[in-house]
>>> print(open('query.pdb').read())   # PDB, C-alpha atoms and all ligand atoms
ATOM      1  CA  MET K  24       8.590  -8.195  23.045
ATOM      2  CA  LYS K  25       7.050  -6.634  20.000
ATOM      3  CA  THR K  26       3.274  -6.831  19.858
ATOM      4  CA  LYS K  27       2.401  -4.281  17.213
ATOM      5  CA  THR K  28       2.975  -3.652  13.541
ATOM      6  CA  TYR K  29       3.889  -0.369  11.849
ATOM      7  CA  ALA K  30       0.720   1.788  11.655
ATOM      8  CA  GLY K  31      -1.308  -1.173  12.894
ATOM      9  CA  ILE K  32      -1.207  -2.793   9.455
ATOM     10  CA  PRO K  33      -2.405  -6.403   9.160
ATOM     11  CA  GLN K  34       0.234  -8.951  10.113
ATOM     12  CA  LYS K  35       0.322 -10.355   6.582
ATOM     13  CA  TYR K  36       1.825  -7.080   5.364
ATOM     14  CA  ALA K  37       4.294  -6.887   8.236
ATOM     15  CA  VAL K  38       6.385  -9.999   7.590
ATOM     16  CA  LEU K  39      10.110  -9.443   7.042
ATOM     17  CA  GLU K  40      10.480 -11.990   4.253
ATOM     18  CA  THR K  41       7.912 -10.351   1.962
ATOM     19  CA  ALA K  42       8.077  -6.705   3.091
ATOM     20  CA  LYS K  43       9.840  -4.315   0.718
ATOM     21  CA  ILE K  44      10.199  -1.688   3.449
ATOM     22  CA  VAL K  45      11.888  -1.855   6.857
ATOM     23  CA  VAL K  46      11.393   0.736   9.609
ATOM     24  CA  ILE K  47      14.086   0.796  12.292
ATOM     25  CA  PRO K  48      13.183   2.768  15.454
ATOM     26  CA  VAL K  49      16.182   4.293  17.237
ATOM     27  CA  PRO K  50      15.027   5.745  20.573
ATOM     28  CA  TYR K  51      18.313   7.466  21.413
ATOM     29  CA  ASP K  52      18.769  10.781  23.192
ATOM     30  CA  GLY K  53      22.261  10.558  24.677
ATOM     31  CA  THR K  54      23.809  13.811  23.468
ATOM     32  CA  SER K  55      20.955  16.300  23.052
ATOM     33  CA  THR K  56      21.827  19.697  24.420
ATOM     34  CA  TRP K  57      18.575  21.538  25.066
ATOM     35  CA  LEU K  58      15.161  19.883  25.280
ATOM     36  CA  LYS K  59      15.414  16.205  26.203
ATOM     37  CA  GLY K  60      12.951  13.589  25.072
ATOM     38  CA  ALA K  61      13.884  12.508  21.539
ATOM     39  CA  ASP K  62      14.172   8.975  22.927
ATOM     40  CA  LYS K  63      10.370   9.029  23.199
ATOM     41  CA  GLY K  64      10.104   9.963  19.513
ATOM     42  CA  PRO K  65       9.680   6.480  17.990
ATOM     43  CA  ASP K  66       6.841   5.505  20.346
ATOM     44  CA  ALA K  67       4.961   8.750  19.683
ATOM     45  CA  PHE K  68       5.551   8.348  15.947
ATOM     46  CA  LEU K  69       4.261   4.772  15.972
ATOM     47  CA  GLU K  70       1.227   5.679  18.032
ATOM     48  CA  ALA K  71       0.327   8.554  15.687
ATOM     49  CA  SER K  72       0.920   6.275  12.685
ATOM     50  CA  GLU K  73      -1.672   3.842  14.023
ATOM     51  CA  ASN K  74      -4.256   6.615  13.963
ATOM     52  CA  MET K  75      -3.558   7.707  10.407
ATOM     53  CA  GLU K  76      -5.538   6.882   7.245
ATOM     54  CA  LEU K  77      -3.506   4.507   5.095
ATOM     55  CA  TYR K  78      -4.916   5.517   1.712
ATOM     56  CA  ASP K  79      -2.859   8.354   0.224
ATOM     57  CA  ILE K  80      -5.164  10.651  -1.743
ATOM     58  CA  GLU K  81      -2.428  12.367  -3.732
ATOM     59  CA  THR K  82      -0.790   9.204  -5.147
ATOM     60  CA  GLN K  83      -3.977   7.097  -4.965
ATOM     61  CA  THR K  84      -1.996   4.321  -3.301
ATOM     62  CA  GLU K  85      -1.919   2.240  -0.155
ATOM     63  CA  VAL K  86       1.824   1.935   0.212
ATOM     64  CA  TYR K  87       1.645  -0.350   3.266
ATOM     65  CA  LYS K  88       0.602  -3.119   0.883
ATOM     66  CA  GLN K  89       4.197  -3.164  -0.353
ATOM     67  CA  GLY K  90       4.898  -4.663   3.063
ATOM     68  CA  VAL K  91       6.416  -2.779   5.997
ATOM     69  CA  TYR K  92       8.480  -4.643   8.570
ATOM     70  CA  LEU K  93       8.876  -2.928  11.936
ATOM     71  CA  ALA K  94      12.342  -3.872  13.186
ATOM     72  CA  GLU K  95      13.291  -4.231  16.822
ATOM     73  CA  PRO K  96      14.261  -0.808  18.210
ATOM     74  CA  ILE K  97      17.998  -0.240  18.521
ATOM     75  CA  ALA K  98      18.501   0.035  22.259
ATOM     76  CA  GLU K  99      22.299   0.341  22.417
ATOM     77  CA  ASN K 100      23.122   3.466  24.436
ATOM     78  CA  SER K 101      26.248   2.699  26.436
ATOM     79  CA  SER K 102      28.074   5.419  24.477
ATOM     80  CA  PRO K 103      27.375   7.612  21.429
ATOM     81  CA  GLU K 104      29.974   5.628  19.486
ATOM     82  CA  SER K 105      28.443   2.237  20.289
ATOM     83  CA  MET K 106      24.982   3.530  19.360
ATOM     84  CA  VAL K 107      26.273   4.762  15.986
ATOM     85  CA  ASP K 108      27.971   1.427  15.400
ATOM     86  CA  ALA K 109      24.799  -0.511  16.219
ATOM     87  CA  VAL K 110      22.773   1.672  13.819
ATOM     88  CA  TYR K 111      25.427   1.190  11.127
ATOM     89  CA  LYS K 112      25.400  -2.597  11.464
ATOM     90  CA  THR K 113      21.622  -2.983  11.602
ATOM     91  CA  THR K 114      21.078  -0.636   8.652
ATOM     92  CA  LYS K 115      23.630  -2.513   6.586
ATOM     93  CA  GLU K 116      22.073  -5.888   7.388
ATOM     94  CA  TYR K 117      18.713  -4.790   6.018
ATOM     95  CA  ILE K 118      20.241  -3.064   2.961
ATOM     96  CA  LYS K 119      21.999  -6.332   2.157
ATOM     97  CA  ARG K 120      18.626  -8.049   2.226
ATOM     98  CA  ASN K 121      17.609  -5.525  -0.435
ATOM     99  CA  LYS K 122      14.975  -3.860   1.692
ATOM    100  CA  PHE K 123      14.105  -0.181   1.391
ATOM    101  CA  VAL K 124      15.540   0.854   4.746
ATOM    102  CA  THR K 125      14.138   3.717   6.819
ATOM    103  CA  LEU K 126      14.867   4.863  10.360
ATOM    104  CA  PHE K 127      12.989   6.934  12.909
ATOM    105  CA  GLY K 128      14.917   8.717  15.701
ATOM    106  CA  GLY K 129      15.895   9.604  18.219
ATOM    107  CA  GLU K 130      18.243  12.514  17.939
ATOM    108  CA  HIS K 131      20.172  13.316  14.802
ATOM    109  CA  SER K 132      23.388  11.518  15.790
ATOM    110  CA  ILE K 133      21.718   8.232  14.792
ATOM    111  CA  SER K 134      22.081   9.306  11.150
ATOM    112  CA  ILE K 135      25.870   9.072  11.380
ATOM    113  CA  GLY K 136      25.479   5.286  11.540
ATOM    114  CA  SER K 137      22.838   4.960   8.820
ATOM    115  CA  ILE K 138      24.671   7.298   6.407
ATOM    116  CA  ARG K 139      27.864   5.297   6.958
ATOM    117  CA  ALA K 140      26.013   2.110   5.949
ATOM    118  CA  PHE K 141      24.370   3.664   2.883
ATOM    119  CA  HIS K 142      27.671   5.234   1.798
ATOM    120  CA  GLU K 143      29.253   1.796   1.935
ATOM    121  CA  CYS K 144      26.451   0.066   0.042
ATOM    122  CA  PHE K 145      25.645   2.570  -2.739
ATOM    123  CA  ASP K 146      27.911   4.159  -5.324
ATOM    124  CA  ASN K 147      28.282   7.939  -5.459
ATOM    125  CA  LEU K 148      25.873   8.600  -2.621
ATOM    126  CA  THR K 149      24.248  12.008  -2.243
ATOM    127  CA  VAL K 150      23.065  12.850   1.268
ATOM    128  CA  LEU K 151      20.157  15.278   1.125
ATOM    129  CA  HIS K 152      20.157  16.895   4.563
ATOM    130  CA  ILE K 153      16.966  18.794   5.407
ATOM    131  CA  ASP K 154      17.418  20.633   8.696
ATOM    132  CA  ALA K 155      17.407  24.013  10.443
ATOM    133  CA  HIS K 156      20.952  23.354  11.627
ATOM    134  CA  ALA K 157      24.173  22.793   9.692
ATOM    135  CA  ASP K 158      25.294  19.909  11.976
ATOM    136  CA  LEU K 159      28.838  20.172  10.565
ATOM    137  CA  ARG K 160      30.889  20.214  13.751
ATOM    138  CA  LYS K 161      33.714  17.690  13.665
ATOM    139  CA  GLU K 162      33.358  17.191  17.399
ATOM    140  CA  TYR K 163      31.091  18.578  20.103
ATOM    141  CA  GLU K 164      31.182  18.143  23.876
ATOM    142  CA  GLY K 165      33.968  15.604  23.567
ATOM    143  CA  THR K 166      32.563  13.309  20.887
ATOM    144  CA  PRO K 167      32.292  13.241  17.080
ATOM    145  CA  TYR K 168      29.005  11.380  17.602
ATOM    146  CA  ASN K 169      27.068  14.331  19.008
ATOM    147  CA  HIS K 170      23.847  15.450  17.267
ATOM    148  CA  ALA K 171      25.663  18.679  16.328
ATOM    149  CA  CYS K 172      28.050  16.550  14.230
ATOM    150  CA  ALA K 173      25.363  14.561  12.364
ATOM    151  CA  VAL K 174      26.597  15.219   8.824
ATOM    152  CA  TYR K 175      30.274  16.070   9.321
ATOM    153  CA  GLU K 176      31.310  12.609   8.134
ATOM    154  CA  ALA K 177      28.899  12.857   5.187
ATOM    155  CA  SER K 178      30.476  16.215   4.262
ATOM    156  CA  GLN K 179      33.820  14.431   3.933
ATOM    157  CA  ASN K 180      32.863  11.347   1.933
ATOM    158  CA  THR K 181      29.519  11.912   0.169
ATOM    159  CA  ASN K 182      27.863  14.564  -1.990
ATOM    160  CA  LEU K 183      26.237  16.437   0.904
ATOM    161  CA  VAL K 184      23.455  18.878  -0.029
ATOM    162  CA  GLN K 185      21.938  20.940   2.800
ATOM    163  CA  VAL K 186      18.452  22.452   2.679
ATOM    164  CA  GLY K 187      16.583  24.727   5.086
ATOM    165  CA  ILE K 188      19.630  25.796   7.095
ATOM    166  CA  ARG K 189      19.145  28.807   9.394
ATOM    167  CA  SER K 190      21.385  28.162  12.403
ATOM    168  CA  MET K 191      25.102  27.402  12.625
ATOM    169  CA  ASP K 192      28.324  28.189  14.432
ATOM    170  CA  ILE K 193      30.994  30.312  12.739
ATOM    171  CA  SER K 194      33.427  27.385  12.947
ATOM    172  CA  GLU K 195      31.178  25.396  10.605
ATOM    173  CA  THR K 196      31.692  27.910   7.780
ATOM    174  CA  THR K 197      35.100  26.322   7.130
ATOM    175  CA  VAL K 198      33.479  22.921   6.509
ATOM    176  CA  MET K 199      30.325  24.051   4.706
ATOM    177  CA  ASP K 200      30.195  24.020   0.898
ATOM    178  CA  GLU K 201      28.048  27.064   0.159
ATOM    179  CA  ASP K 202      27.429  25.909  -3.412
ATOM    180  CA  LYS K 203      25.552  22.947  -1.973
ATOM    181  CA  THR K 204      23.822  24.762   0.883
ATOM    182  CA  PHE K 205      20.345  26.260   0.673
ATOM    183  CA  PHE K 206      19.733  28.735   3.462
ATOM    184  CA  ALA K 207      16.145  29.286   4.589
ATOM    185  CA  HIS K 208      16.428  33.075   4.180
ATOM    186  CA  ASP K 209      17.382  32.615   0.516
ATOM    187  CA  MET K 210      14.835  29.889  -0.194
ATOM    188  CA  VAL K 211      11.955  32.085   0.913
ATOM    189  CA  LYS K 212      12.819  34.577  -1.854
ATOM    190  CA  ASP K 213      13.743  32.088  -4.580
ATOM    191  CA  ASP K 214      10.992  30.481  -6.680
ATOM    192  CA  TYR K 215      13.523  28.050  -8.184
ATOM    193  CA  TRP K 216      15.231  26.622  -5.101
ATOM    194  CA  MET K 217      13.741  23.157  -5.630
ATOM    195  CA  ASP K 218      15.090  22.930  -9.179
ATOM    196  CA  LYS K 219      18.478  24.167  -8.018
ATOM    197  CA  VAL K 220      18.671  21.493  -5.305
ATOM    198  CA  ILE K 221      17.610  18.692  -7.646
ATOM    199  CA  ASP K 222      20.205  19.803 -10.205
ATOM    200  CA  ILE K 223      23.071  19.044  -7.830
ATOM    201  CA  LEU K 224      21.782  15.743  -6.463
ATOM    202  CA  GLY K 225      23.440  12.601  -7.804
ATOM    203  CA  GLU K 226      21.380   9.584  -8.862
ATOM    204  CA  ASN K 227      21.497   7.704  -5.528
ATOM    205  CA  VAL K 228      20.068   9.863  -2.748
ATOM    206  CA  TYR K 229      19.728   9.224   0.987
ATOM    207  CA  ILE K 230      17.475  11.718   2.780
ATOM    208  CA  THR K 231      18.083  12.654   6.398
ATOM    209  CA  PHE K 232      15.138  14.749   7.578
ATOM    210  CA  ASP K 233      15.417  16.632  10.866
ATOM    211  CA  LEU K 234      11.900  17.673  11.871
ATOM    212  CA  ASP K 235      13.201  21.063  13.048
ATOM    213  CA  ALA K 236      13.562  21.904   9.343
ATOM    214  CA  PHE K 237       9.823  22.565   9.550
ATOM    215  CA  ASP K 238       8.618  25.857  10.876
ATOM    216  CA  PRO K 239       7.885  25.602  14.627
ATOM    217  CA  SER K 240       4.314  26.643  13.814
ATOM    218  CA  ILE K 241       3.718  23.148  12.469
ATOM    219  CA  VAL K 242       6.314  21.122  14.423
ATOM    220  CA  PRO K 243       6.876  22.762  17.825
ATOM    221  CA  SER K 244       7.799  19.456  19.522
ATOM    222  CA  THR K 245      11.434  19.148  18.612
ATOM    223  CA  GLY K 246      14.659  19.479  20.604
ATOM    224  CA  THR K 247      15.955  22.734  19.119
ATOM    225  CA  PRO K 248      13.210  24.649  17.258
ATOM    226  CA  GLU K 249      14.181  27.555  14.987
ATOM    227  CA  PRO K 250      11.893  30.178  13.441
ATOM    228  CA  GLY K 251      11.578  30.569   9.681
ATOM    229  CA  GLY K 252      11.254  26.983   8.548
ATOM    230  CA  LEU K 253       9.619  24.934   5.832
ATOM    231  CA  LEU K 254       5.869  24.622   5.539
ATOM    232  CA  TRP K 255       3.899  21.467   4.762
ATOM    233  CA  TYR K 256       2.978  21.684   1.090
ATOM    234  CA  GLU K 257       6.252  23.131  -0.156
ATOM    235  CA  THR K 258       8.035  20.316   1.653
ATOM    236  CA  LEU K 259       5.823  17.670   0.047
ATOM    237  CA  ASP K 260       6.170  19.291  -3.358
ATOM    238  CA  PHE K 261       9.944  19.216  -3.035
ATOM    239  CA  LEU K 262      10.124  15.650  -1.705
ATOM    240  CA  ARG K 263       7.843  14.334  -4.430
ATOM    241  CA  GLN K 264      10.104  15.811  -7.101
ATOM    242  CA  VAL K 265      13.170  14.272  -5.479
ATOM    243  CA  PHE K 266      11.531  10.839  -5.336
ATOM    244  CA  GLU K 267      10.319  11.153  -8.930
ATOM    245  CA  GLU K 268      13.598  12.286 -10.403
ATOM    246  CA  LYS K 269      16.194  10.443  -8.322
ATOM    247  CA  ASN K 270      16.760   6.971  -6.926
ATOM    248  CA  VAL K 271      16.073   7.579  -3.248
ATOM    249  CA  VAL K 272      17.771   4.604  -1.560
ATOM    250  CA  GLY K 273      16.582   5.173   2.007
ATOM    251  CA  PHE K 274      15.784   7.866   4.546
ATOM    252  CA  ASP K 275      15.557   8.782   8.186
ATOM    253  CA  VAL K 276      13.317  11.170  10.128
ATOM    254  CA  VAL K 277      14.744  12.430  13.417
ATOM    255  CA  GLU K 278      14.355  14.793  16.375
ATOM    256  CA  LEU K 279      10.715  14.354  17.288
ATOM    257  CA  CYS K 280      10.654  15.355  20.964
ATOM    258  CA  PRO K 281       7.078  14.517  22.029
ATOM    259  CA  ASN K 282       5.085  16.785  24.300
ATOM    260  CA  GLU K 283       1.924  15.299  25.785
ATOM    261  CA  ASN K 284       0.202  18.695  25.565
ATOM    262  CA  GLU K 285       0.957  19.066  21.847
ATOM    263  CA  ARG K 286       0.333  15.924  19.857
ATOM    264  CA  SER K 287       0.050  17.379  16.362
ATOM    265  CA  SER K 288       3.824  17.250  15.839
ATOM    266  CA  ASP K 289       3.624  13.459  16.243
ATOM    267  CA  PHE K 290       1.039  13.344  13.468
ATOM    268  CA  VAL K 291       3.069  15.601  11.184
ATOM    269  CA  ALA K 292       6.010  13.219  11.643
ATOM    270  CA  ALA K 293       3.858  10.141  11.005
ATOM    271  CA  LYS K 294       2.278  11.662   7.914
ATOM    272  CA  LEU K 295       5.596  12.928   6.529
ATOM    273  CA  PHE K 296       7.076   9.474   6.890
ATOM    274  CA  TYR K 297       4.111   7.827   5.152
ATOM    275  CA  LYS K 298       4.144  10.440   2.391
ATOM    276  CA  MET K 299       7.799   9.670   1.704
ATOM    277  CA  LEU K 300       7.008   5.960   1.444
ATOM    278  CA  SER K 301       4.058   6.746  -0.834
ATOM    279  CA  TYR K 302       6.267   8.806  -3.138
ATOM    280  CA  LYS K 303       8.922   6.093  -3.216
ATOM    281  CA  PHE K 304       6.557   3.350  -4.295
ATOM    282  CA  MET K 305       3.906   5.277  -6.247
ATOM    283  CA  GLY K 306       5.047   3.765  -9.546
ATOM    284  CA  GLU K 307       5.150   0.203  -8.260
ATOM    285  CA  ASP K 308       2.599  -2.434  -8.983
ATOM    286  CA  GLU K 309       0.977  -3.951  -5.945
ATOM    287  CA  ALA K 310       0.179  -7.129  -7.876
ATOM    288  CA  ASP K 311       3.296  -8.901  -6.708
ATOM    289  CA  GLU K 312       2.826  -7.859  -3.126
ATOM    290  CA  PHE K 313       2.799 -11.354  -1.668
ATOM    291  CA  GLU K 314       5.408 -12.882  -3.901
ATOM    292  CA  SER K 315       8.914 -13.032  -2.613
ATOM    293  CA  PRO K 316      10.451 -10.271  -4.734
ATOM    294  CA  THR K 317      12.839 -11.574  -7.358
ATOM    295  CA  ILE K 318      16.403 -10.375  -7.434
ATOM    296  CA  GLU K 319      15.516  -8.395 -10.554
ATOM    297  CA  ASN K 320      12.751  -6.552  -8.724
ATOM    298  CA  LYS K 321      14.880  -5.905  -5.684
ATOM    299  CA  LYS K 322      17.584  -4.309  -7.770
ATOM    300  CA  LYS K 323      15.001  -2.079  -9.358
ATOM    301  CA  THR K 324      13.830  -0.997  -5.939
ATOM    302  CA  THR K 325      17.149  -0.170  -4.353
ATOM    303  CA  ASN K 326      20.012  -0.468  -6.871
ATOM    304  CA  SER K 327      22.284  -1.464  -4.009
ATOM    305  CA  LYS K 328      25.635  -3.098  -4.696
ATOM    306  CA  PHE K 329      24.205  -6.302  -3.261
ATOM    307  CA  ASN K 330      22.217  -8.429  -5.610
ATOM    308  CA  ILE K 331      22.288 -11.858  -4.097
ATOM    309  CA  ASP K 332      19.561 -13.093  -1.849
ATOM    310  CA  GLN K 333      21.019 -13.059   1.602
ATOM    311  CA  ASP K 334      17.978 -14.166   3.527
ATOM    312  CA  ASP K 335      19.886 -17.130   4.900
ATOM    313  CA  GLU K 336      22.050 -14.808   6.968
ATOM    314  CA  PHE K 337      19.205 -14.327   9.410
TER     315      PHE K 337
HETATM  316 MN    MN R   1      18.350  20.328  13.557
END
>>> encode(input="query.pdb", output="structure tokens")
Amino acid sequence: MKTKTYAGIPQKYAVLETAKIVVIPVPYDGTSTWLKGADKGPDAFLEASENMELYDIETQTEVYKQGVYLAEPIAENSSPESMVDAVYKTTKEYIKRNKFVTLFGGEHSISIGSIRAFHECFDNLTVLHIDAHADLRKEYEGTPYNHACAVYEASQNTNLVQVGIRSMDISETTVMDEDKTFFAHDMVKDDYWMDKVIDILGENVYITFDLDAFDPSIVPSTGTPEPGGLLWYETLDFLRQVFEEKNVVGFDVVELCPNENERSSDFVAAKLFYKMLSYKFMGEDEADEFESPTIENKKKTTNSKFNIDQDDEF
């Protein structure tokens, strides 16, 4: 039974009917290969979120007043395939209600399900994949739903753009599109990498953010840390530009692997997530916060293919 709201926000901002934003926790860790514990990620993220200031200095907003509904965690874990299917179905249900849908993992395989739903619901989807790892294996350890395969499907049917990559298997070079891949060792020497990424994004962008994209000096608590990653302010600078210039339709943050002796990673994850919400809604008026959003407003928020009010489905 759910007793808390996202970030401890007042109940009146946490009601599904009026919330513009939905957060879906997916505490899944079925296929991780090194450090286990990503299934504890959503709880650590939610706990850190409750201890975070909710006024964002940079955008001068309190984005939680747009309404944030904390969905029931997706608990399906009988197989990687059934988990992906459950994530796909739940994500699609909330997109069809014209919510701004976000997910918190869990390991990266959860994104296979959410990307599948967004690909189905939005035209010409770009998947902006921010990660240390290429995650382009077609299959790994007997399943295409392993975390090492997180964006293989996206590479086949969306405009996949990869940022921060610094670890991959030679077999993945045959799948990777180097024109749409930004390696960490190049980014560190290129003052224009952000512009170059934004140039090849389409209008509708889904962001899948693996926390191991960050340098381990700021996020050590992740399943497969890699040296040489992104730092805090360059990441925010980049994300803000993406949100300002493109229609970001949803996002996920994955691979927090909490360590009780190192809690700052939980706070980085919580703050990153809230920053992304703040950037998404920084241009939106809070005046209509308690009104049931009109269809017109919903379309402006998400531009999904669905424009009828489907509240009666629930
Ligand atoms: Mn990764």
>>> closest_atom_pairs(input="query.pdb", of="segment 240-318 of chain K", to="segment 225-229 of chain K", cutoff="8 Å", atoms="only C-alpha atoms", output="tab-separated table")
residue	atom	partner	partner_atom	distance
K:Lys269	CA	K:Glu226	CA	5.3
K:Asn270	CA	K:Asn227	CA	5.0
K:Val271	CA	K:Val228	CA	4.6
K:Val272	CA	K:Tyr229	CA	5.6
K:Gly273	CA	K:Tyr229	CA	5.2
K:Phe274	CA	K:Tyr229	CA	5.5
>>> resolve_selection(input="query.pdb", expression="the PyMOL selection byres (((not hetatm)) within 10 of (chain R and resi 1))", output="NGL selection string")
:K and (130-131 or 152-158 or 170-171 or 173 or 187-191 or 232-237 or 245-249 or 277-278)
>>> residues_near_point(input="query.pdb", point="(2.5, 3.3, 14.8)", cutoff="10 Å", atoms="only C-alpha atoms", output="list in words")
Lys27, Thr28, Tyr29, Ala30, Gly31, Ile32, Pro65, Asp66, Ala67, Phe68, Leu69, Glu70, Ala71, Ser72, Glu73, Asn74, Met75, Leu93 and Ala293 of chain K
>>> write_last_selection(input="query.pdb", atoms="C-alpha atoms", output="PDB file, keeping the file's coordinate frame")
ATOM      1  CA  LYS K  27       2.401  -4.281  17.213  1.00  0.00           C
ATOM      2  CA  THR K  28       2.975  -3.652  13.541  1.00  0.00           C
ATOM      3  CA  TYR K  29       3.889  -0.369  11.849  1.00  0.00           C
ATOM      4  CA  ALA K  30       0.720   1.788  11.655  1.00  0.00           C
ATOM      5  CA  GLY K  31      -1.308  -1.173  12.894  1.00  0.00           C
ATOM      6  CA  ILE K  32      -1.207  -2.793   9.455  1.00  0.00           C
ATOM      7  CA  PRO K  65       9.680   6.480  17.990  1.00  0.00           C
ATOM      8  CA  ASP K  66       6.841   5.505  20.346  1.00  0.00           C
ATOM      9  CA  ALA K  67       4.961   8.750  19.683  1.00  0.00           C
ATOM     10  CA  PHE K  68       5.551   8.348  15.947  1.00  0.00           C
ATOM     11  CA  LEU K  69       4.261   4.772  15.972  1.00  0.00           C
ATOM     12  CA  GLU K  70       1.227   5.679  18.032  1.00  0.00           C
ATOM     13  CA  ALA K  71       0.327   8.554  15.687  1.00  0.00           C
ATOM     14  CA  SER K  72       0.920   6.275  12.685  1.00  0.00           C
ATOM     15  CA  GLU K  73      -1.672   3.842  14.023  1.00  0.00           C
ATOM     16  CA  ASN K  74      -4.256   6.615  13.963  1.00  0.00           C
ATOM     17  CA  MET K  75      -3.558   7.707  10.407  1.00  0.00           C
ATOM     18  CA  LEU K  93       8.876  -2.928  11.936  1.00  0.00           C
ATOM     19  CA  ALA K 293       3.858  10.141  11.005  1.00  0.00           C
TER      20      ALA K 293
END
>>> residues_around(input="query.pdb", residues="segment 36-45 of chain K", least_positions_apart="5", cutoff="7 Å", atoms="all atoms listed in the file", output="MDAnalysis selection string")
chainID K and resid 28 88:94 122:125 313:315
>>> resolve_selection(input="query.pdb", expression="the PyMOL selection byres (((chain K and resi 108) around 12) and not hetatm)", output="list in words")
Ile97, Ala98, Glu99, Asn100, Ser101, Ser102, Pro103, Glu104, Ser105, Met106, Val107, Ala109, Val110, Tyr111, Lys112, Thr113, Thr114, Lys115, Ser132, Ile133, Ser134, Ile135, Gly136, Ser137, Ile138, Arg139, Ala140 and Tyr168 of chain K
>>> decode(input="query.pdb", residues="segment 164-176 of chain K", atoms="N, CA and C atoms", output="compact mmCIF listing (two decimals), in the first residue's frame")
# COMPACT_ATOMS: atom_id res chain seq x y z
N GLU K 164 23.61 -13.12 -22.47
CA GLU K 164 23.29 -14.16 -21.49
C GLU K 164 21.90 -14.74 -21.74
N GLY K 165 21.61 -14.99 -23.03
CA GLY K 165 20.41 -15.74 -23.37
C GLY K 165 19.13 -14.94 -23.52
N THR K 166 19.21 -13.60 -23.39
CA THR K 166 17.97 -12.84 -23.54
C THR K 166 18.25 -11.49 -24.23
N PRO K 167 17.31 -11.06 -25.09
CA PRO K 167 17.43 -9.71 -25.66
C PRO K 167 16.98 -8.63 -24.68
N TYR K 168 16.57 -9.05 -23.49
CA TYR K 168 16.07 -8.10 -22.49
C TYR K 168 17.05 -7.92 -21.35
N ASN K 169 18.33 -8.14 -21.63
CA ASN K 169 19.39 -7.89 -20.66
C ASN K 169 19.73 -6.39 -20.65
N HIS K 170 20.29 -5.90 -19.52
CA HIS K 170 20.65 -4.48 -19.46
C HIS K 170 21.68 -4.10 -20.51
N ALA K 171 22.47 -5.07 -20.97
CA ALA K 171 23.48 -4.81 -22.00
C ALA K 171 22.86 -4.62 -23.39
N CYS K 172 21.54 -4.84 -23.47
CA CYS K 172 20.82 -4.74 -24.75
C CYS K 172 19.85 -3.56 -24.75
N ALA K 173 19.99 -2.65 -23.78
CA ALA K 173 18.95 -1.65 -23.49
C ALA K 173 18.48 -0.84 -24.69
N VAL K 174 19.40 -0.51 -25.60
CA VAL K 174 18.98 0.34 -26.73
C VAL K 174 19.17 -0.34 -28.09
N TYR K 175 19.33 -1.67 -28.10
CA TYR K 175 19.43 -2.34 -29.40
C TYR K 175 18.17 -2.11 -30.22
N GLU K 176 17.02 -2.35 -29.60
CA GLU K 176 15.75 -2.16 -30.31
C GLU K 176 15.61 -0.71 -30.80
